[in-house]
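J.: Can you keep this structure in mind? I'll have questions shortly.
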Amino acid sequence: MTTLLALGFLSDLWSFVEENFDELLAALKRTLWVSAIAIAGAFVIGVVLGAARAHRVPVINQLAAVYVEVIRNTPILVQIFFLFYGLPQIGIRLEAFTVAWLSVMIWGGAFNTENFRAGFEAVPSRLREAGFALGFGGIGTFLNVTLPIGGRIALPSSINTYISVVKNTSLMYVISYPELTTTVLQIQALTLETVEAFTVLALTYLIIVWTMSAAIRLLESHLALPEAFK
Amino acid sequence: MSLPDWTGDVVRYMLEEGLRNTLKIAAISLVGSFVIGVTLGTLLTIRFLPLRALIRLYIEVWRGLPILVTLFIVYFALPAVTLSLRFEALTAAAISLILWGSAQVAEATRGAVQSIPREQHEAAAALGFGWVGRHAFVIMPQALRRLLPPLVSLLVNIIQNTTIAQIIGVNEVLESGERSVERLTAPPPIGLGEIHSFEIYAFVMVIFFVISFPLTRLAAYLEKRLV
């Protein structure tokens, strides 16, 4: 009996996906595209500002600290509201797509700055001294010693940030950007297939998130630092 | 320089109506997450596979879903399954935050309980404590010390995530801000016919910053002191 019910529900889910396939696929692509832009940007912000924080680069260090604290201590939903509904008052109008990637990029960049700062600071100073002894300058030592070693240390926590970036793209519902969550809610409003719609929505996010956290575990063992570098 | 006339009413409305609801959701969610999370996290240390698998699934699902999706499931999908699972908006928001928060606490509790040396279990058992007494009187008091920093961070996250309640119409800080923006935009005599979204959403950010910043400092301080 329960098996039959489960099979019936599975076929309901499948027909929901089949009937709305094009829309769902387009929405999934938008979610992944916005996430990809934001993750790439957050990576660059994290490495640059994380390095500035770890090496106490004057001015940039203090500005980065303010940026990190403001973003970490205010809700991302309010940041999205501010960008999309607040900025037009002073003449800055951003499209929904721009706010979508920009808001999660700014948010992810702040958390990534902390991830990479911690990673770079965890690199033993004797390794950097060895870099200087080999004749590398400050930037050479950073690129050849601090970045590859500290970057590995920061990798798991930075992927966790990227997972949150993907999850936070669902908030673009409030600016009606047609990513996954917005699209599924629109379909649900039309078809009233509520349970099917939200099950498909939840499963899609879980598949993305679980794949990414499996990647952390794989990379962690693969990229683990040899004993000599600890 | 004095503030324009409209600010007094808006600030009072946002703090008295909005902030009160925000703090209410946050308080309910914190207590719920703590109670359920500590229980599940402690049970997770028992070597009984089916139980562990179930709790694992609970943690991975509610940690994996965007909180907004959890909120939609609780608020829209559950009543579609059975009408007895219909909740008010504020309750639905608190339930979603508890599902998410308790998963976080459970994971942290498991780590904290397992970090207590085995000798403590053995000593408590030698004194005649059963499993419950051992955990309640010997292990937990020590584990709670290690749980304190992550709990403070969780509180910050819960306070910030209460804003998702705005999406289903709960009048918390963000919603009270949006209502103020709309009221001021309306033509007189209702409003002023002016747009003040920039100042008002900036003010919402200030409110959250003033609450969160001391708490994140506290979490960092506790982390240094207690570990």
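Residues in the structure tokens are numbered from 1 in each chain, the chains being A, B, ... in the order shown, and ligands are numbered from 1 in the order shown.
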Within 6 Å of chain A, which residues of chain B show up when using only C-alpha atoms, listed as a PyMOL selection string?
T.: chain B and resi 64+66+77+160+197-198+201+205+208-209+212-213
J.: Please write the residues from the selection above to a file, keeping C-alpha atoms, as an mmCIF file, in the first residue's frame.
T.:
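Dumped everything to out.cif:
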data_model
loop_
_atom_site.group_PDB
_atom_site.id
_atom_site.type_symbol
_atom_site.label_atom_id
_atom_site.label_comp_id
_atom_site.auth_asym_id
_atom_site.auth_seq_id
_atom_site.Cartn_x
_atom_site.Cartn_y
_atom_site.Cartn_z
ATOM 1 C CA GLY B 64 20.974 21.859 2.867
ATOM 2 C CA PRO B 66 17.678 27.457 1.528
ATOM 3 C CA ALA B 77 3.090 22.817 1.124
ATOM 4 C CA GLN B 160 19.411 38.038 10.496
ATOM 5 C CA SER B 197 13.492 53.862 0.354
ATOM 6 C CA PHE B 198 17.222 54.662 0.508
ATOM 7 C CA TYR B 201 16.448 50.401 4.101
ATOM 8 C CA MET B 205 20.675 47.732 8.037
ATOM 9 C CA PHE B 208 20.587 44.845 12.439
ATOM 10 C CA PHE B 209 24.192 46.007 12.624
ATOM 11 C CA SER B 212 24.606 41.829 15.509
ATOM 12 C CA PHE B 213 27.993 43.515 15.797
#
J.: Neighbours of region 38-43 of chain B within 7 Å (only C-alpha atoms; same-chain residues fewer than 3 positions away dropped), as a PyMOL selection string?
T.: chain B and resi 34-35+46+55+105-107+109-110+113
J.: Just C-alpha atoms for this one: save the residues we selected as a short mmCIF file (atom, residue, chain, number, x, y, z; two decimals), in the first residue's frame.
T.:
data_model
loop_
_atom_site.label_atom_id
_atom_site.label_comp_id
_atom_site.auth_asym_id
_atom_site.auth_seq_id
_atom_site.Cartn_x
_atom_site.Cartn_y
_atom_site.Cartn_z
CA PHE B 34 18.60 24.90 21.28
CA VAL B 35 16.26 22.34 22.87
CA ILE B 46 24.68 6.77 20.37
CA ILE B 55 19.04 12.26 12.63
CA VAL B 105 22.93 23.03 16.92
CA ALA B 106 22.70 19.23 16.56
CA GLU B 107 25.89 19.14 14.51
CA THR B 109 26.45 19.41 19.96
CA ARG B 110 27.66 16.14 18.48
CA VAL B 113 29.82 15.87 23.31
#
J.: Have a look at CA of Val184 (chain A) and CA of Leu25 (chain A) and let me know their distance in Å, one decimal.
T.: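 Computing it gives 10.9 Å between the two atoms.
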J.: Counting only C-alpha atoms, which of B:Leu127, B:Gln142, B:Tyr58, B:Val69 gets nearest to Gln104 (chain B)?
T.: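 Ranked by minimum distance to Gln104 (chain B), first place goes to B:Tyr58.
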J.: Please run DSSP on the backbone and report, as a PyMOL selection string, all residues within chain A that come out as alpha helix (DSSP H).
T.: chain A and resi 2-19+21-54+60-72+76-81+96-121+125-133+138-141+147-168+180-191+194-222
J.: As an exercise, work out the distance from CA of Gly138 (chain A) to CA of Glu114 (chain A) in Å and give it to one decimal place.
T.: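 Separating CA of Gly138 (chain A) from CA of Glu114 (chain A) is a distance of 21.1 Å.
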